[in-house]
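Colleague: Below you'll find my_file_32.pdb; it's PDB, C-alpha atoms and all ligand atoms.
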ATOM      1  CA  MET A 181     -31.972  25.332  25.670
ATOM      2  CA  SER A 182     -28.336  25.212  26.763
ATOM      3  CA  ASP A 183     -25.665  27.095  24.792
ATOM      4  CA  ALA A 184     -23.048  24.517  25.840
ATOM      5  CA  PRO A 185     -21.293  22.984  22.820
ATOM      6  CA  HIS A 186     -22.421  19.469  21.957
ATOM      7  CA  GLU A 187     -20.089  16.788  23.208
ATOM      8  CA  THR A 188     -19.045  14.746  20.200
ATOM      9  CA  THR A 189     -17.264  11.434  20.338
ATOM     10  CA  PRO A 190     -14.097  11.746  18.221
ATOM     11  CA  THR A 191     -14.134   9.481  15.171
ATOM     12  CA  PRO A 192     -11.460   6.787  15.586
ATOM     13  CA  PRO A 193      -8.810   6.712  12.874
ATOM     14  CA  ARG A 194      -9.494   4.252  10.064
ATOM     15  CA  LEU A 195      -6.205   2.550  10.964
ATOM     16  CA  ALA A 196      -4.402   2.821  14.295
ATOM     17  CA  VAL A 197      -1.198   0.857  14.844
ATOM     18  CA  GLU A 198       0.372   0.974  18.282
ATOM     19  CA  GLY A 199       3.490  -0.648  19.715
ATOM     20  CA  LEU A 200       3.646  -3.149  16.860
ATOM     21  CA  THR A 201       6.444  -5.632  17.386
ATOM     22  CA  VAL A 202       7.127  -8.568  15.063
ATOM     23  CA  ALA A 203      10.023 -10.991  15.369
ATOM     24  CA  PHE A 204      11.246 -13.691  12.997
ATOM     25  CA  GLY A 205      13.267 -15.948  15.277
ATOM     26  CA  GLY A 206      15.975 -13.699  16.698
ATOM     27  CA  LEU A 207      15.335 -10.872  14.212
ATOM     28  CA  ARG A 208      13.115  -8.036  15.441
ATOM     29  CA  ALA A 209      11.599  -6.906  12.127
ATOM     30  CA  LEU A 210       9.327  -4.360  13.863
ATOM     31  CA  ASP A 211       9.989  -2.828  17.250
ATOM     32  CA  GLY A 212       7.156  -0.784  18.770
ATOM     33  CA  VAL A 213       5.873   0.751  15.538
ATOM     34  CA  GLY A 214       2.968   3.189  15.860
ATOM     35  CA  PHE A 215       1.110   5.462  13.426
ATOM     36  CA  GLU A 216      -2.417   6.296  12.333
ATOM     37  CA  VAL A 217      -4.256   6.837   9.049
ATOM     38  CA  ALA A 218      -7.486   8.869   9.063
ATOM     39  CA  ASP A 219     -10.378   8.490   6.620
ATOM     40  CA  GLY A 220      -9.490  10.229   3.362
ATOM     41  CA  GLU A 221      -5.804  10.511   4.276
ATOM     42  CA  ILE A 222      -2.873   9.238   2.206
ATOM     43  CA  VAL A 223       0.034   8.060   4.340
ATOM     44  CA  ALA A 224       3.277   6.700   2.887
ATOM     45  CA  LEU A 225       5.509   4.272   4.708
ATOM     46  CA  ILE A 226       9.085   4.639   3.477
ATOM     47  CA  GLY A 227      12.506   3.401   4.529
ATOM     48  CA  PRO A 228      15.505   1.403   3.324
ATOM     49  CA  ASN A 229      15.304  -2.210   2.162
ATOM     50  CA  GLY A 230      14.584  -4.459   5.096
ATOM     51  CA  ALA A 231      13.262  -1.606   7.289
ATOM     52  CA  GLY A 232      10.033  -3.525   7.947
ATOM     53  CA  LYS A 233       7.510  -1.869   5.592
ATOM     54  CA  THR A 234       6.075  -5.062   4.096
ATOM     55  CA  THR A 235       6.030  -6.652   7.543
ATOM     56  CA  VAL A 236       3.741  -3.816   8.688
ATOM     57  CA  PHE A 237       1.411  -4.629   5.763
ATOM     58  CA  ASN A 238       1.588  -8.339   6.534
ATOM     59  CA  ALA A 239       0.728  -7.729  10.191
ATOM     60  CA  ILE A 240      -2.255  -5.532   9.244
ATOM     61  CA  SER A 241      -3.368  -8.212   6.760
ATOM     62  CA  GLY A 242      -3.138 -10.944   9.406
ATOM     63  CA  LEU A 243      -0.330 -12.743   7.562
ATOM     64  CA  VAL A 244       2.156 -12.458  10.404
ATOM     65  CA  ARG A 245       1.308 -12.619  14.094
ATOM     66  CA  PRO A 246       2.707  -9.692  16.101
ATOM     67  CA  ARG A 247       4.629 -10.437  19.267
ATOM     68  CA  ALA A 248       3.167  -7.281  20.816
ATOM     69  CA  GLY A 249       1.076  -4.237  19.959
ATOM     70  CA  THR A 250      -2.379  -3.489  18.602
ATOM     71  CA  ILE A 251      -3.867  -2.895  15.174
ATOM     72  CA  ARG A 252      -7.301  -1.267  15.155
ATOM     73  CA  ILE A 253      -9.446  -0.643  12.102
ATOM     74  CA  GLY A 254     -12.174   1.943  12.606
ATOM     75  CA  GLY A 255     -11.643   1.663  16.363
ATOM     76  CA  ARG A 256     -12.006  -2.139  16.538
ATOM     77  CA  PRO A 257      -9.267  -4.799  16.621
ATOM     78  CA  ALA A 258      -8.275  -5.923  13.113
ATOM     79  CA  PRO A 259      -9.497  -9.411  12.200
ATOM     80  CA  ALA A 260      -6.837 -11.891  11.133
ATOM     81  CA  SER A 261      -8.515 -13.464   8.092
ATOM     82  CA  THR A 262      -8.524 -12.034   4.559
ATOM     83  CA  THR A 263     -12.263 -12.609   4.144
ATOM     84  CA  ARG A 264     -13.102 -10.814   7.379
ATOM     85  CA  LEU A 265     -10.717  -7.984   6.492
ATOM     86  CA  LEU A 266     -12.459  -7.596   3.126
ATOM     87  CA  ARG A 267     -15.801  -7.440   4.930
ATOM     88  CA  ARG A 268     -14.355  -4.740   7.186
ATOM     89  CA  GLY A 269     -13.425  -2.724   4.099
ATOM     90  CA  VAL A 270      -9.692  -3.504   3.901
ATOM     91  CA  SER A 271      -8.086  -4.126   0.505
ATOM     92  CA  ARG A 272      -4.490  -4.668  -0.428
ATOM     93  CA  THR A 273      -2.235  -4.861  -3.471
ATOM     94  CA  LEU A 274       0.926  -6.947  -3.382
ATOM     95  CA  GLN A 275       4.513  -6.033  -4.167
ATOM     96  CA  GLY A 276       4.834  -6.866  -7.891
ATOM     97  CA  LEU A 277       1.517  -7.988  -9.381
ATOM     98  CA  GLY A 278      -0.004 -10.983  -7.633
ATOM     99  CA  LEU A 279      -2.416 -11.638 -10.498
ATOM    100  CA  TYR A 280      -3.924 -15.080 -11.080
ATOM    101  CA  ALA A 281      -2.553 -17.025 -14.053
ATOM    102  CA  GLY A 282      -4.819 -17.671 -17.046
ATOM    103  CA  MET A 283      -7.636 -15.234 -16.184
ATOM    104  CA  THR A 284      -9.024 -12.390 -18.224
ATOM    105  CA  VAL A 285      -8.839  -8.843 -16.874
ATOM    106  CA  LEU A 286     -12.526  -8.937 -15.897
ATOM    107  CA  GLU A 287     -12.181 -12.320 -14.161
ATOM    108  CA  GLN A 288      -9.279 -10.981 -12.056
ATOM    109  CA  VAL A 289     -11.379  -8.036 -10.894
ATOM    110  CA  LEU A 290     -14.383 -10.263 -10.158
ATOM    111  CA  VAL A 291     -12.474 -12.475  -7.701
ATOM    112  CA  PRO A 292     -13.010 -10.290  -4.584
ATOM    113  CA  LEU A 293     -16.712  -9.931  -5.443
ATOM    114  CA  ALA A 294     -17.655 -13.435  -6.530
ATOM    115  CA  GLY A 295     -14.795 -15.742  -5.448
ATOM    116  CA  VAL A 296     -14.953 -18.979  -7.416
ATOM    117  CA  ARG A 297     -18.707 -19.006  -8.132
ATOM    118  CA  ALA A 298     -20.174 -17.531 -11.326
ATOM    119  CA  ALA A 299     -20.453 -13.746 -11.016
ATOM    120  CA  ARG A 300     -23.895 -12.124 -10.873
ATOM    121  CA  GLY A 301     -24.831  -9.458 -13.421
ATOM    122  CA  SER A 302     -24.547  -6.684 -10.816
ATOM    123  CA  GLU A 303     -21.044  -7.843  -9.905
ATOM    124  CA  ARG A 304     -19.966  -7.838 -13.553
ATOM    125  CA  GLU A 305     -21.392  -4.356 -13.901
ATOM    126  CA  ARG A 306     -19.508  -3.174 -10.828
ATOM    127  CA  ALA A 307     -16.249  -4.697 -12.074
ATOM    128  CA  MET A 308     -16.733  -3.096 -15.502
ATOM    129  CA  THR A 309     -17.396   0.305 -13.880
ATOM    130  CA  MET A 310     -14.170  -0.064 -11.899
ATOM    131  CA  LEU A 311     -12.223  -0.996 -15.023
ATOM    132  CA  ALA A 312     -13.726   1.981 -16.873
ATOM    133  CA  GLU A 313     -12.659   4.319 -14.035
ATOM    134  CA  LEU A 314      -9.097   3.143 -14.592
ATOM    135  CA  GLY A 315      -9.357   3.250 -18.392
ATOM    136  CA  MET A 316      -9.183  -0.548 -18.686
ATOM    137  CA  ASP A 317     -12.709  -1.487 -19.838
ATOM    138  CA  ALA A 318     -11.634  -2.052 -23.456
ATOM    139  CA  ASP A 319      -9.257  -4.771 -22.195
ATOM    140  CA  ALA A 320     -11.844  -6.529 -19.992
ATOM    141  CA  HIS A 321     -11.978  -9.743 -22.022
ATOM    142  CA  ARG A 322      -8.260 -10.001 -22.817
ATOM    143  CA  PRO A 323      -6.046 -12.407 -20.865
ATOM    144  CA  ALA A 324      -4.352 -10.283 -18.207
ATOM    145  CA  ASP A 325      -1.030 -12.088 -18.852
ATOM    146  CA  ALA A 326      -0.990 -10.654 -22.401
ATOM    147  CA  LEU A 327      -0.991  -7.023 -21.261
ATOM    148  CA  PRO A 328       2.098  -4.846 -20.788
ATOM    149  CA  TYR A 329       3.359  -4.503 -17.194
ATOM    150  CA  PRO A 330       1.812  -1.054 -16.430
ATOM    151  CA  GLU A 331      -1.642  -2.286 -17.553
ATOM    152  CA  ARG A 332      -1.319  -5.464 -15.447
ATOM    153  CA  LYS A 333      -0.433  -3.246 -12.502
ATOM    154  CA  ARG A 334      -3.658  -1.296 -13.144
ATOM    155  CA  VAL A 335      -5.625  -4.576 -13.150
ATOM    156  CA  ALA A 336      -4.187  -5.332  -9.702
ATOM    157  CA  LEU A 337      -5.301  -1.877  -8.561
ATOM    158  CA  ALA A 338      -8.793  -2.382 -10.030
ATOM    159  CA  ARG A 339      -9.042  -5.685  -8.154
ATOM    160  CA  ALA A 340      -8.186  -3.920  -4.880
ATOM    161  CA  LEU A 341     -10.616  -1.066  -5.524
ATOM    162  CA  VAL A 342     -13.625  -3.012  -6.779
ATOM    163  CA  THR A 343     -14.860  -3.716  -3.242
ATOM    164  CA  ARG A 344     -14.878   0.078  -2.575
ATOM    165  CA  PRO A 345     -12.552  -0.269   0.433
ATOM    166  CA  SER A 346     -12.431   2.143   3.358
ATOM    167  CA  LEU A 347      -8.771   1.224   3.962
ATOM    168  CA  LEU A 348      -6.482   0.581   1.003
ATOM    169  CA  LEU A 349      -2.984  -0.848   1.425
ATOM    170  CA  LEU A 350      -0.746  -0.379  -1.616
ATOM    171  CA  ASP A 351       2.583  -2.222  -1.616
ATOM    172  CA  GLU A 352       4.953  -0.474  -4.057
ATOM    173  CA  PRO A 353       2.189   0.647  -6.448
ATOM    174  CA  ALA A 354       4.583   2.696  -8.600
ATOM    175  CA  GLY A 355       7.213  -0.071  -8.858
ATOM    176  CA  GLY A 356       8.158  -0.633 -12.496
ATOM    177  CA  LEU A 357       6.071   2.277 -13.811
ATOM    178  CA  GLY A 358       7.256   5.197 -15.942
ATOM    179  CA  GLY A 359       6.309   8.867 -15.506
ATOM    180  CA  ALA A 360       2.952   8.892 -17.350
ATOM    181  CA  ASP A 361       1.729   5.727 -15.637
ATOM    182  CA  MET A 362       2.839   7.055 -12.253
ATOM    183  CA  ALA A 363       0.907  10.292 -12.837
ATOM    184  CA  GLN A 364      -2.195   8.287 -13.753
ATOM    185  CA  LEU A 365      -1.747   6.133 -10.645
ATOM    186  CA  ALA A 366      -1.390   9.215  -8.415
ATOM    187  CA  GLU A 367      -4.601  10.620  -9.884
ATOM    188  CA  ALA A 368      -6.452   7.346  -9.194
ATOM    189  CA  VAL A 369      -5.187   7.239  -5.584
ATOM    190  CA  ARG A 370      -6.197  10.882  -5.018
ATOM    191  CA  ARG A 371      -9.688  10.115  -6.367
ATOM    192  CA  VAL A 372     -10.055   7.167  -3.998
ATOM    193  CA  SER A 373      -8.917   9.204  -0.982
ATOM    194  CA  ALA A 374     -11.184  12.121  -1.967
ATOM    195  CA  GLY A 375     -14.034   9.606  -1.655
ATOM    196  CA  GLY A 376     -13.069   9.058   2.013
ATOM    197  CA  CYS A 377     -10.860   5.956   1.736
ATOM    198  CA  ALA A 378      -7.781   5.875   3.971
ATOM    199  CA  VAL A 379      -4.694   4.936   1.940
ATOM    200  CA  LEU A 380      -1.464   3.487   3.314
ATOM    201  CA  LEU A 381       1.254   2.942   0.754
ATOM    202  CA  VAL A 382       4.748   1.549   0.777
ATOM    203  CA  GLU A 383       6.864   3.071  -1.945
ATOM    204  CA  HIS A 384      10.493   3.684  -2.898
ATOM    205  CA  HIS A 385       9.871   6.381  -5.535
ATOM    206  CA  VAL A 386      10.600   9.498  -3.520
ATOM    207  CA  ASP A 387       9.101  12.031  -5.969
ATOM    208  CA  PHE A 388       5.923   9.979  -6.260
ATOM    209  CA  VAL A 389       5.563   9.724  -2.474
ATOM    210  CA  MET A 390       6.360  13.353  -1.748
ATOM    211  CA  GLY A 391       3.901  14.573  -4.390
ATOM    212  CA  LEU A 392       1.084  12.297  -3.283
ATOM    213  CA  ALA A 393       1.176  11.627   0.459
ATOM    214  CA  ASP A 394      -0.424  13.855   3.095
ATOM    215  CA  ARG A 395       1.917  12.347   5.644
ATOM    216  CA  VAL A 396       5.045  10.206   5.536
ATOM    217  CA  VAL A 397       6.169   7.687   8.162
ATOM    218  CA  VAL A 398       9.824   6.651   7.951
ATOM    219  CA  LEU A 399      10.960   3.253   9.207
ATOM    220  CA  ASP A 400      14.519   2.153   9.799
ATOM    221  CA  PHE A 401      15.537  -1.149  11.385
ATOM    222  CA  GLY A 402      11.915  -1.767  12.392
ATOM    223  CA  ARG A 403      11.415   1.559  14.188
ATOM    224  CA  VAL A 404       9.688   4.803  13.246
ATOM    225  CA  ILE A 405      12.480   7.372  12.964
ATOM    226  CA  ALA A 406      10.342  10.251  11.631
ATOM    227  CA  SER A 407       6.807  11.111  10.608
ATOM    228  CA  GLY A 408       5.122  14.243   9.331
ATOM    229  CA  ALA A 409       4.357  16.248   6.210
ATOM    230  CA  PRO A 410       6.477  15.235   3.186
ATOM    231  CA  ALA A 411       8.549  18.452   3.140
ATOM    232  CA  GLU A 412       9.188  18.201   6.880
ATOM    233  CA  VAL A 413      10.324  14.578   6.664
ATOM    234  CA  GLN A 414      12.514  15.292   3.651
ATOM    235  CA  ARG A 415      14.444  17.899   5.673
ATOM    236  CA  ASP A 416      14.882  15.609   8.701
ATOM    237  CA  PRO A 417      18.611  14.865   9.156
ATOM    238  CA  ALA A 418      17.880  11.391  10.592
ATOM    239  CA  VAL A 419      15.886  10.503   7.457
ATOM    240  CA  GLU A 420      18.589  11.849   5.205
ATOM    241  CA  ALA A 421      21.198   9.791   6.990
ATOM    242  CA  ALA A 422      19.151   6.570   7.007
ATOM    243  CA  TYR A 423      17.508   6.751   3.606
ATOM    244  CA  LEU A 424      17.189   9.810   1.408
ATOM    245  CA  GLY A 425      20.818  10.879   1.580
ATOM    246  CA  VAL A 426      22.107   7.633   0.081
ATOM    247  CA  PRO A 427      22.900   8.197  -3.591
ATOM    248  CA  PRO A 428      20.865   5.937  -5.906
ATOM    249  CA  THR A 429      22.756   3.018  -7.365
ATOM    250  CA  PRO A 430      23.629   3.611 -11.034
ATOM    251  CA  GLY A 431      21.255   1.951 -13.480
ATOM    252  CA  PRO A 432      18.982   2.606 -16.437
ATOM    253  CA  PRO A 433      17.353   6.059 -16.369
ATOM    254  CA  THR A 434      13.944   6.208 -14.698
ATOM    255  CA  SER A 435      11.624   9.166 -14.389
ATOM    256  CA  GLY A 436      11.911  11.025 -11.097
ATOM    257  CA  THR A 437      14.105  10.398  -8.113
ATOM    258  CA  ALA A 438      14.260   6.890  -6.817
ATOM    259  CA  ALA A 439      15.657   5.854  -3.493
ATOM    260  CA  PRO A 440      17.929   2.799  -3.235
ATOM    261  CA  GLY A 441      16.196  -0.476  -3.905
ATOM    262  CA  THR A 442      13.764   1.127  -6.342
ATOM    263  CA  PRO A 443      12.407  -1.290  -8.932
ATOM    264  CA  THR A 444      12.718  -0.233 -12.561
ATOM    265  CA  PRO A 445      10.664  -1.392 -15.559
ATOM    266  CA  GLU A 446      13.497  -3.841 -16.217
ATOM    267  CA  THR A 447      13.274  -5.261 -12.705
ATOM    268  CA  PRO A 448       9.616  -4.880 -11.843
ATOM    269  CA  ALA A 449       9.190  -7.191  -8.893
ATOM    270  CA  PRO A 450      11.932  -7.193  -6.298
ATOM    271  CA  GLY A 451      11.641 -10.104  -3.962
ATOM    272  CA  THR A 452      14.321 -10.177  -1.355
ATOM    273  CA  ALA A 453      14.776  -7.595   1.329
ATOM    274  CA  VAL A 454      18.463  -6.773   1.393
ATOM    275  CA  ARG A 455      19.762  -3.684   3.114
ATOM    276  CA  ALA A 456      22.134  -1.749   0.858
TER
HETATM  277  N1  LIG B   1       9.065 -14.402   6.686
HETATM  278  C1  LIG B   1      10.226 -13.889   7.116
HETATM  279  N2  LIG B   1      11.119 -14.657   7.769
HETATM  280  C2  LIG B   1      12.283 -14.168   8.235
HETATM  281  N3  LIG B   1      12.645 -12.876   8.104
HETATM  282  C3  LIG B   1      11.813 -12.048   7.469
HETATM  283  C4  LIG B   1      10.565 -12.517   6.945
HETATM  284  N4  LIG B   1       9.933 -11.448   6.362
HETATM  285  C5  LIG B   1      10.754 -10.403   6.511
HETATM  286  N5  LIG B   1      11.879 -10.757   7.168
HETATM  287  C6  LIG B   1      12.976  -9.877   7.555
HETATM  288  O1  LIG B   1      12.385  -8.792   8.293
HETATM  289  C7  LIG B   1      13.007  -7.558   7.958
HETATM  290  C8  LIG B   1      11.975  -6.607   7.418
HETATM  291  O2  LIG B   1      11.587  -7.066   6.123
HETATM  292  P1  LIG B   1      10.499  -6.334   5.217
HETATM  293  O3  LIG B   1      10.297  -7.170   4.005
HETATM  294  O4  LIG B   1       9.319  -6.005   6.037
HETATM  295  O5  LIG B   1      11.269  -4.987   4.845
HETATM  296  P2  LIG B   1      10.875  -3.898   3.769
HETATM  297  O6  LIG B   1      11.105  -2.582   4.415
HETATM  298  O7  LIG B   1       9.525  -4.161   3.229
HETATM  299  O8  LIG B   1      11.973  -4.130   2.641
HETATM  300  P3  LIG B   1      11.883  -3.901   1.033
HETATM  301  O9  LIG B   1      11.893  -2.419   0.833
HETATM  302  O10 LIG B   1      13.124  -4.545   0.530
HETATM  303  O11 LIG B   1      10.636  -4.568   0.537
HETATM  304  C9  LIG B   1      14.125  -7.894   6.975
HETATM  305  O12 LIG B   1      15.317  -8.053   7.693
HETATM  306  C10 LIG B   1      13.672  -9.214   6.373
HETATM  307  O13 LIG B   1      14.752  -9.969   5.909
END
Could you express the structure from this file as structure tokens?

Modeller:
Amino acid sequence: MSDAPHETTPTPPRLAVEGLTVAFGGLRALDGVGFEVADGEIVALIGPNGAGKTTVFNAISGLVRPRAGTIRIGGRPAPASTTRLLRRGVSRTLQGLGLYAGMTVLEQVLVPLAGVRAARGSERERAMTMLAELGMDADAHRPADALPYPERKRVALARALVTRPSLLLLDEPAGGLGGADMAQLAEAVRRVSAGGCAVLLVEHHVDFVMGLADRVVVLDFGRVIASGAPAEVQRDPAVEAAYLGVPPTPGPPTSGTAAPGTPTPETPAPGTAVRA
């Protein structure tokens, strides 16, 4: 028997983005963006308003067509339809809530499993287990619209997690949350990543990001200006100049440090992308 080490094929990253370029008319929203997220890794995408973070999510989700570049999921090109992405293990939350009007909490969480048909018993069980994991099972039969904002945010998370994704995209998950809810959210995200799911999140809450992410990718004007461990990125002079060094705009007190453009409980769902 040979003592030569076994040749192993390296596992491709769960998500690999390379040279991603997206233009809206004359505006280059993304210009050659590249980064990777491995299984079980939590990567945060940060940057000023209008830097291109949501456009990255939209390109991965097949909602905008890149002008150039590649997006690979588990080593294969990303499909462009939501259904096929779900089948490939990709789930996403939206900026704000994106919940359906007039549905109970349980119905919201059943949508990715059952669509519009009546849910099977096993699907209801799975949805209830997911809600229980997030401490929401007691609210299962309440209209989601009647719940306070942090609980509705948790429903949106449960809906993204119920399919047991291998790649989870979270768009401003901490937006509008206070300290206790943010801590609970961080715990839930850590649990999901400990189970092997790759997590990519866009977030303005600097403390939340730096305490949670394994790696941070910083975008500015559609380009990656820095990436690395949170502490490393925080010390980067280019990042400080483009983003972290800008003093937060005065407003109602929120827990933790928030970078400019951060939503507060009073303004939970920012819509427009306006550079400060
Ligand atoms: N559908 C669109 N049509 C035209 N321009 C767009 C469109 N979507 C985004 N943009 C522009 O592309 C740029 C990147 O926007 P994007 O929303 O990705 O930034 P962002 O970093 O997510 O900002 P925010 O932190 O405010 O959410 C901005 O200049 C924005 O105005």

Colleague: Just want the residues within 6 Å of ligand LIG 1 (chain B), written as a list in words, counting only C-alpha atoms and all ligand atoms.

Modeller: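 Selection of residues at most 6 Å from ligand LIG 1 (chain B): Phe204, Ala209, Pro228, Asn229, Gly230, Ala231, Gly232, Lys233, Thr234, Thr235, Ala453 and Val454 of chain A.
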
Colleague: Do a neighbour search on region 371-386 of chain A at 7 Å with all atoms listed in the file, toss out local chain neighbours closer than 4 positions, and write the hits as JSON, numbers by chain.

Modeller: {"A": [194, 217, 218, 219, 220, 221, 222, 223, 224, 225, 226, 233, 345, 346, 347, 348, 349, 350, 351, 352, 353, 367, 390, 437, 438, 439, 442]}

Colleague: List the spatial neighbours of Glu412 (chain A) as an MDAnalysis selection string - criterion: any atom at most 12 Å away, all atoms listed in the file, same-chain residues fewer than 6 positions off excluded.

Modeller: chainID A and resid 390 394:398 406 418:420

Colleague: What does the PyMOL selection byres (((chain A and resi 247) around 8) and not hetatm) select in this file, as a ChimeraX atom specification?

Modeller: /A:200-203,245-246,248-249

Colleague: Produce a file of the selected residues containing C-alpha atoms, as an mmCIF file, in the coordinates of the input.

Modeller:
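To be explicit, this is the file written out as selection07.cif:
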data_model
loop_
_atom_site.group_PDB
_atom_site.id
_atom_site.type_symbol
_atom_site.label_atom_id
_atom_site.label_comp_id
_atom_site.auth_asym_id
_atom_site.auth_seq_id
_atom_site.Cartn_x
_atom_site.Cartn_y
_atom_site.Cartn_z
ATOM 1 C CA LEU A 200 3.646 -3.149 16.860
ATOM 2 C CA THR A 201 6.444 -5.632 17.386
ATOM 3 C CA VAL A 202 7.127 -8.568 15.063
ATOM 4 C CA ALA A 203 10.023 -10.991 15.369
ATOM 5 C CA ARG A 245 1.308 -12.619 14.094
ATOM 6 C CA PRO A 246 2.707 -9.692 16.101
ATOM 7 C CA ALA A 248 3.167 -7.281 20.816
ATOM 8 C CA GLY A 249 1.076 -4.237 19.959
#

Colleague: Quick check on the file I pasted: which residues fall under the PyMOL selection byres (((chain A and resi 241) around 10) and not hetatm)? Write them as a PyMOL selection string.

Modeller: chain A and resi 235-240+242-245+251+258-262+265-266+270-272+349

Colleague: Determine the residue set returned by the PyMOL selection byres (((chain A and resi 307) around 7) and not hetatm) for the present structure, and present it as an NGL selection string.

Modeller: :A and (286 or 289-290 or 303-306 or 308-311 or 342)

Colleague: For the residues selected in the previous step, produce a file with C-alpha atoms as a PDB file, in the frame of the given file.

Modeller:
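Result file follows (part.pdb):
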ATOM      1  CA  LEU A 286     -12.526  -8.937 -15.897  1.00  0.00           C
ATOM      2  CA  VAL A 289     -11.379  -8.036 -10.894  1.00  0.00           C
ATOM      3  CA  LEU A 290     -14.383 -10.263 -10.158  1.00  0.00           C
ATOM      4  CA  GLU A 303     -21.044  -7.843  -9.905  1.00  0.00           C
ATOM      5  CA  ARG A 304     -19.966  -7.838 -13.553  1.00  0.00           C
ATOM      6  CA  GLU A 305     -21.392  -4.356 -13.901  1.00  0.00           C
ATOM      7  CA  ARG A 306     -19.508  -3.174 -10.828  1.00  0.00           C
ATOM      8  CA  MET A 308     -16.733  -3.096 -15.502  1.00  0.00           C
ATOM      9  CA  THR A 309     -17.396   0.305 -13.880  1.00  0.00           C
ATOM     10  CA  MET A 310     -14.170  -0.064 -11.899  1.00  0.00           C
ATOM     11  CA  LEU A 311     -12.223  -0.996 -15.023  1.00  0.00           C
ATOM     12  CA  VAL A 342     -13.625  -3.012  -6.779  1.00  0.00           C
TER      13      VAL A 342
END

Colleague: Report as a tab-separated table the residues of region 293-358 of chain A within 10 Å of region 274-279 of chain A, each with its shortest atom pair and distance in Å (one decimal), using all atoms listed in the file, ordered by chain and increasing residue number.

Modeller:
residue	atom	partner	partner_atom	distance
A:Ala324	CA	A:Leu279	CA	8.1
A:Asp325	CA	A:Leu279	CA	8.5
A:Tyr329	CA	A:Leu277	CA	8.8
A:Pro330	CA	A:Leu277	CA	9.9
A:Arg332	CA	A:Leu277	CA	7.2
A:Lys333	CA	A:Leu277	CA	6.0
A:Arg334	CA	A:Leu277	CA	9.3
A:Val335	CA	A:Leu279	CA	8.2
A:Ala336	CA	A:Leu277	CA	6.3
A:Leu337	CA	A:Leu277	CA	9.2
A:Arg339	CA	A:Leu279	CA	9.2
A:Ala340	CA	A:Leu274	CA	9.7
A:Leu349	CA	A:Leu274	CA	8.7
A:Leu350	CA	A:Leu274	CA	7.0
A:Asp351	CA	A:Gln275	CA	5.0
A:Glu352	CA	A:Gln275	CA	5.6
A:Pro353	CA	A:Gln275	CA	7.4
A:Ala354	CA	A:Gly276	CA	9.6
A:Gly355	CA	A:Gly276	CA	7.3
A:Gly356	CA	A:Gly276	CA	8.4

Colleague: Emit the selected residues as a short mmCIF file (atom, residue, chain, number, x, y, z; two decimals), in the frame of the given file, including C-alpha atoms.

Modeller:
data_model
loop_
_atom_site.label_atom_id
_atom_site.label_comp_id
_atom_site.auth_asym_id
_atom_site.auth_seq_id
_atom_site.Cartn_x
_atom_site.Cartn_y
_atom_site.Cartn_z
CA ALA A 324 -4.35 -10.28 -18.21
CA ASP A 325 -1.03 -12.09 -18.85
CA TYR A 329 3.36 -4.50 -17.19
CA PRO A 330 1.81 -1.05 -16.43
CA ARG A 332 -1.32 -5.46 -15.45
CA LYS A 333 -0.43 -3.25 -12.50
CA ARG A 334 -3.66 -1.30 -13.14
CA VAL A 335 -5.62 -4.58 -13.15
CA ALA A 336 -4.19 -5.33 -9.70
CA LEU A 337 -5.30 -1.88 -8.56
CA ARG A 339 -9.04 -5.68 -8.15
CA ALA A 340 -8.19 -3.92 -4.88
CA LEU A 349 -2.98 -0.85 1.42
CA LEU A 350 -0.75 -0.38 -1.62
CA ASP A 351 2.58 -2.22 -1.62
CA GLU A 352 4.95 -0.47 -4.06
CA PRO A 353 2.19 0.65 -6.45
CA ALA A 354 4.58 2.70 -8.60
CA GLY A 355 7.21 -0.07 -8.86
CA GLY A 356 8.16 -0.63 -12.50
#

Colleague: Let me make sure I understand: among A:Val291, A:Val285, A:Leu314, A:Ala411, which one has the smallest atom-to-atom distance to Gln364 (chain A) if we use all atoms listed in the file?

Modeller: A:Leu314

Colleague: What does the distance from CA of Ala320 (chain A) to CA of Arg264 (chain A) come to in Å, to one decimal?

Modeller: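 If I compute the distance from CA of Ala320 (chain A) to CA of Arg264 (chain A), I get 27.7 Å.
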
Colleague: Go through A:Met283, A:Tyr423, A:Gly408, A:Phe401 one by one, measure the shortest atom-to-atom distance of each to Arg208 (chain A) using all atoms listed in the file, and give the residue with the smallest value.

Modeller: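 For Arg208 (chain A), the nearest of the given residues is A:Phe401.
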
Colleague: So how far away is CA of Val404 (chain A) from CA of Leu392 (chain A), in Å?

Modeller: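 Result for CA of Leu392 (chain A) versus CA of Val404 (chain A): 20.1 Å, one decimal.
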
Colleague: Could you state the separation of CA of Glu331 (chain A) and CA of Gly227 (chain A) in Å, given to one decimal place?

Modeller: 26.8 Å

Colleague: So, with all atoms listed in the file as the atoms that count, which of A:Pro323, A:Pro417, A:Gly359, A:Gly402 lies closest to Gly214 (chain A)?

Modeller: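 The closest residue to Gly214 (chain A) is A:Gly402.
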